[in-house]
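Engineer: As input, take structure-v8.tsv (TSV, C-alpha atoms):
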```tsv
chain	number	residue	atom	x	y	z
A	1	PRO	CA	0.00	0.00	0.00
A	2	ARG	CA	1.11	3.49	-0.87
A	3	LEU	CA	-0.27	6.98	-0.41
A	4	PHE	CA	-1.07	8.62	-3.77
A	5	ILE	CA	0.05	12.27	-3.87
A	6	PRO	CA	-1.07	14.13	-7.02
A	7	PHE	CA	0.88	16.97	-8.64
A	8	TYR	CA	-0.86	19.51	-10.88
A	9	ASP	CA	0.06	22.46	-13.04
A	10	VAL	CA	-1.39	25.95	-12.54
A	11	ASP	CA	-4.24	25.12	-14.94
A	12	GLY	CA	-5.40	22.15	-12.86
A	13	SER	CA	-4.09	19.41	-15.16
A	14	LEU	CA	-2.62	16.34	-13.48
A	15	VAL	CA	1.07	16.23	-14.44
A	16	GLY	CA	2.30	13.43	-12.21
A	17	ALA	CA	2.10	11.70	-8.88
A	18	THR	CA	4.21	10.37	-6.09
A	19	MET	CA	3.35	7.18	-4.30
A	20	ARG	CA	4.79	7.07	-0.78
A	21	ALA	CA	5.38	3.79	1.00
A	22	LEU	CA	3.48	3.35	4.24
A	23	ARG	CA	5.07	0.27	5.80
A	24	GLY	CA	8.81	0.75	5.58
A	25	GLU	CA	9.33	-0.56	2.06
A	26	ALA	CA	12.86	-0.24	0.67
A	27	LYS	CA	11.78	2.26	-1.97
A	28	LEU	CA	10.11	5.07	-0.01
A	29	TYR	CA	8.88	7.06	-3.02
A	30	ILE	CA	7.82	6.12	-6.53
A	31	ASN	CA	7.42	9.10	-8.87
A	32	ILE	CA	5.40	9.04	-12.07
A	33	LYS	CA	5.46	11.95	-14.51
A	34	ILE	CA	2.63	12.26	-16.99
A	35	ARG	CA	3.98	15.45	-18.58
A	36	GLU	CA	7.60	16.53	-18.77
A	37	ASP	CA	6.90	20.06	-20.07
A	38	VAL	CA	5.42	21.57	-16.90
A	39	PRO	CA	6.61	21.95	-13.29
A	40	TYR	CA	5.73	19.23	-10.82
A	41	ILE	CA	3.96	21.18	-8.03
A	42	PHE	CA	1.91	19.90	-5.09
A	43	GLY	CA	-0.77	22.22	-3.69
A	44	ILE	CA	-0.70	24.88	-6.42
A	45	LEU	CA	-4.49	24.81	-6.86
A	46	SER	CA	-5.19	25.84	-3.26
A	47	VAL	CA	-2.86	28.83	-2.83
A	48	VAL	CA	-3.98	32.45	-2.54
A	49	LYS	CA	-1.94	34.91	-4.60
A	50	GLU	CA	-2.45	37.81	-2.18
A	51	LYS	CA	-0.59	35.96	0.59
A	52	ILE	CA	2.97	34.85	1.21
A	53	LEU	CA	3.75	31.67	-0.73
A	54	TYR	CA	5.81	29.07	1.13
A	55	VAL	CA	7.73	26.63	-1.06
A	56	CYS	CA	8.69	23.33	0.55
A	57	GLU	CA	10.54	20.28	-0.66
A	58	GLY	CA	7.96	17.68	0.35
A	59	PRO	CA	4.16	17.55	0.09
A	60	PHE	CA	3.74	16.50	3.74
A	61	ASP	CA	5.77	19.51	4.87
A	62	SER	CA	3.60	21.88	2.87
A	63	MET	CA	0.47	20.60	4.61
A	64	PHE	CA	1.58	22.09	7.94
A	65	LEU	CA	1.76	25.66	6.59
A	66	ASP	CA	-0.81	28.09	5.24
A	67	ASN	CA	-0.47	28.90	1.55
A	68	ALA	CA	2.27	26.41	0.82
A	69	ILE	CA	3.29	24.27	-2.12
A	70	ALA	CA	5.88	21.53	-2.60
A	71	VAL	CA	8.09	20.75	-5.56
A	72	GLY	CA	8.95	17.17	-4.64
A	73	GLY	CA	12.64	17.82	-4.00
A	74	THR	CA	15.08	20.72	-4.06
A	75	SER	CA	14.36	21.94	-7.60
A	76	PHE	CA	12.96	25.29	-6.50
A	77	GLY	CA	14.12	27.03	-9.69
A	78	LYS	CA	11.26	25.50	-11.65
A	79	ILE	CA	8.73	27.77	-9.93
A	80	LYS	CA	10.59	31.07	-10.46
A	81	HIS	CA	7.86	32.09	-12.91
A	82	LEU	CA	5.45	32.30	-9.95
A	83	HIS	CA	7.44	35.02	-8.13
A	84	ASN	CA	5.62	38.03	-9.51
A	85	GLN	CA	2.22	36.43	-8.83
A	86	PHE	CA	2.58	36.45	-5.03
A	87	GLU	CA	3.07	39.07	-2.33
A	88	LYS	CA	6.24	37.27	-1.21
A	89	VAL	CA	7.83	33.85	-1.84
A	90	VAL	CA	9.71	32.02	0.93
A	91	TYR	CA	11.81	28.93	0.19
A	92	ILE	CA	12.07	26.22	2.84
A	93	TYR	CA	14.81	23.64	2.49
A	94	ASP	CA	14.93	20.62	4.77
A	95	ASN	CA	17.20	20.95	7.78
A	96	GLN	CA	20.25	19.21	6.28
A	97	PRO	CA	23.31	21.32	7.14
A	98	TYR	CA	25.69	18.42	6.31
A	99	ASN	CA	24.30	17.80	2.81
A	100	LYS	CA	26.68	19.41	0.28
A	101	ASP	CA	24.10	19.43	-2.53
A	102	VAL	CA	21.49	21.12	-0.33
A	103	CYS	CA	24.06	23.65	0.90
A	104	LYS	CA	25.02	24.51	-2.68
A	105	LEU	CA	21.40	25.05	-3.75
A	106	PHE	CA	20.59	26.91	-0.54
A	107	ASN	CA	23.51	29.30	-1.07
A	108	LYS	CA	22.48	29.90	-4.69
A	109	GLN	CA	18.98	30.82	-3.51
A	110	ILE	CA	20.45	33.33	-1.05
A	111	GLU	CA	22.77	34.80	-3.71
A	112	GLN	CA	19.71	35.40	-5.92
A	113	GLY	CA	18.22	37.53	-3.13
A	114	ASP	CA	15.41	35.12	-2.31
A	115	ASN	CA	13.70	34.78	1.06
A	116	VAL	CA	14.73	31.55	2.79
A	117	VAL	CA	14.07	29.82	6.08
A	118	ILE	CA	17.27	29.07	7.98
A	119	TRP	CA	16.61	26.67	10.83
A	120	PRO	CA	17.88	27.50	14.34
A	121	SER	CA	20.78	25.33	15.55
A	122	ASN	CA	18.62	23.76	18.27
A	123	ILE	CA	16.35	22.11	15.67
A	124	GLU	CA	17.44	18.50	15.18
A	125	GLN	CA	14.60	17.26	12.97
A	126	LYS	CA	15.17	16.93	9.22
A	127	ASP	CA	11.95	18.49	7.94
A	128	ILE	CA	8.71	20.21	8.90
A	129	ASN	CA	6.82	16.94	9.19
A	130	GLU	CA	9.36	15.59	11.71
A	131	MET	CA	9.35	18.92	13.57
A	132	HIS	CA	5.57	18.74	13.88
A	133	LEU	CA	5.75	15.14	15.13
A	134	ALA	CA	8.30	16.29	17.73
A	135	GLY	CA	5.81	18.86	19.04
A	136	LYS	CA	7.35	21.96	17.48
A	137	ASP	CA	5.18	24.92	16.45
A	138	VAL	CA	6.24	24.82	12.80
A	139	LYS	CA	4.25	27.87	11.72
A	140	SER	CA	5.99	29.99	14.34
A	141	LEU	CA	9.38	28.42	13.59
A	142	VAL	CA	9.03	29.20	9.90
A	143	SER	CA	7.71	32.74	10.28
A	144	SER	CA	10.42	33.72	12.79
A	145	ASN	CA	13.31	32.36	10.72
A	146	VAL	CA	12.83	33.93	7.27
A	147	TYR	CA	15.90	35.77	6.03
A	148	SER	CA	17.23	37.39	2.87
A	149	GLY	CA	20.24	39.41	1.79
A	150	LEU	CA	23.24	39.84	4.06
A	151	THR	CA	21.40	38.51	7.11
A	152	ALA	CA	20.61	35.30	5.21
A	153	LYS	CA	24.27	34.94	4.21
A	154	ILE	CA	25.43	35.26	7.81
A	155	LYS	CA	22.76	32.90	9.18
A	156	PHE	CA	23.53	30.38	6.42
A	157	LEU	CA	27.25	30.37	7.27
A	158	GLN	CA	26.36	29.69	10.91
A	159	TRP	CA	23.89	26.92	9.98
A	160	ARG	CA	25.80	24.92	7.37
A	161	LYS	CA	28.19	22.16	8.28
A	162	CYS	CA	29.39	21.30	4.75
```
Could you quickly redo this structure as structure tokens?
Structural biologist:
Amino acid sequence: PRLFIPFYDVDGSLVGATMRALRGEAKLYINIKIREDVPYIFGILSVVKEKILYVCEGPFDSMFLDNAIAVGGTSFGKIKHLHNQFEKVVYIYDNQPYNKDVCKLFNKQIEQGDNVVIWPSNIEQKDINEMHLAGKDVKSLVSSNVYSGLTAKIKFLQWRKC
């Protein structure tokens, strides 16, 4: 058994799906793309353009925040075309300060002047879902740790371990 997680484009067309294992199977996720020509976005049909848009890696993480989407990984660049449609866009990477690939992408996002969430050093959980399960107030954690510009650069250097 797997949980079916649909991904749509901005017009409401199904473009793919992720099936997540529920019982500890070796392959946690199975991804199926129906269309290669459009971004793979979870939750795009329920966002409000007059609010801050939160962009998460995983669909489960996006469910704990208001006005959030997920891109099914760290490929945040594929939604750049949405920037001018929202009041503000905030990117939320998983809490993986030792992951060189994540650090590289994270730094690039900061260099582009984007708003990013940089997790406090006392947060041990990997993602929003795990933080919620550990009893953390994820909405408050996210809203109080959004940075951009020079402040983001400094916070990032303190956070990363790669």
Engineer: When you draw a straight line from atom CA of Arg23 of chain A to atom CA of Lys126 of chain A, how long is it in Å?
Structural biologist: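 Rounded to one decimal, the two atoms are 19.8 Å apart.
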Engineer: Rank A:Asn107, A:Ser140, A:Asn84, A:Ser46 by their smallest atom-to-atom distance to Ala68 of chain A, using only C-alpha atoms, and report the top residue only.
Structural biologist: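 Of all the options, A:Ser46 lies closest to Ala68 of chain A.
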Engineer: What lies within 10 Å of segment 102-105 of chain A using all atoms listed in the file, ignoring chain neighbours under 5 positions off, as a list in words?
Structural biologist: Thr74, Ser75, Phe76, Gly77, Tyr93, Asp94, Asn95, Gln96, Pro97, Ile110, Glu111, Phe156, Leu157, Trp159, Arg160, Lys161 and Cys162 of chain A
Engineer: Considering all atoms listed in the file, state which residue in the set A:Ile5, A:Leu28, A:Ile41, A:Leu53 is at the smallest distance from Lys88 of chain A.
Structural biologist: A:Leu53
Engineer: Find the residues around segment 10-15 of chain A up to 10 Å (all atoms listed in the file counted), leave out those fewer than 2 positions away in its own chain, and share them as a list in words.
Structural biologist: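 Those residues are Pro6, Phe7, Tyr8, Ala17, Ile32, Lys33, Ile34, Arg35, Glu36, Asp37, Val38, Pro39, Tyr40, Ile41, Gly43, Ile44, Leu45 and Leu82 of chain A.
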Engineer: Using only C-alpha atoms, which residue out of A:Val48, A:Val55, A:Lys155, A:Val71 lies closest to Gly16 of chain A?
Structural biologist: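 For Gly16 of chain A, the nearest of the given residues is A:Val71.
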Engineer: Restricting the calculation to all atoms listed in the file, which member of A:Ala70, A:Ile79, A:Leu3, A:Val90 is positioned closest to Tyr54 of chain A?
Structural biologist: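 For Tyr54 of chain A, the nearest of the candidates is A:Val90.
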Engineer: So how far away is atom CA of Lys80 of chain A from atom CA of Phe42 of chain A, in Å?
Structural biologist: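 We find that atom CA of Phe42 of chain A and atom CA of Lys80 of chain A lie 15.1 Å from each other.
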Engineer: Using all atoms listed in the file for the distances, tell me which of A:Asp114, A:Trp119, A:Val146, A:Asn129 is nearest to Ser62 of chain A.
Structural biologist: A:Asn129
Engineer: What does the structure give for the distance between atom CA of His132 of chain A and atom CA of Asp101 of chain A, in Å to one decimal?
Structural biologist: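 Answer for the atom CA of His132 of chain A to atom CA of Asp101 of chain A separation: 24.8 Å.
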Engineer: For the point (5.7, 13.7, 2.0) in the file's frame, write as a ChimeraX atom specification all residues with an atom no more than 8 Å away, counting all atoms listed in the file.
Structural biologist: /A:20,58-61,129
Engineer: For Val117 of chain A, which residue out of A:Asn67, A:Gln158, A:Thr151, A:Asn145 is the nearest one, using all atoms listed in the file?
Structural biologist: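 Closest candidate: A:Asn145.
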Engineer: Would you pick out the contacts of Leu141 of chain A at 10 Å or less, using all atoms listed in the file, so that residues sharing its chain but fewer than 6 positions from it are not included, and give the list as a PyMOL selection string?
Structural biologist: chain A and resi 117-120+123+128+131
Engineer: List the neighbours of Tyr29 of chain A out to 7 Å using all atoms listed in the file; skip same-chain residues closer than 5 positions along the sequence, and give me the result as a VMD selection string.
Structural biologist: chain A and resid 18 to 21
Engineer: Write the selection just made, keeping C-alpha atoms, as a PDB file, in the coordinates of the input?
Structural biologist:
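Writing the result to part-v6.pdb gives the following:
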```pdb
ATOM      1  CA  THR A  18       4.210  10.370  -6.090  1.00  0.00           C
ATOM      2  CA  MET A  19       3.350   7.180  -4.300  1.00  0.00           C
ATOM      3  CA  ARG A  20       4.790   7.070  -0.780  1.00  0.00           C
ATOM      4  CA  ALA A  21       5.380   3.790   1.000  1.00  0.00           C
TER       5      ALA A  21
END
```
Engineer: Just give me the residues with any atom within 8 Å of (-1.3, 37.3, -3.0), file coordinates, counting all atoms listed in the file, written as a list in words.
Structural biologist: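 Returned residue set, sorted by chain then number, is Val48, Lys49, Glu50, Lys51, Ile52, Leu53, Gln85, Phe86, Glu87 and Lys88 of chain A.
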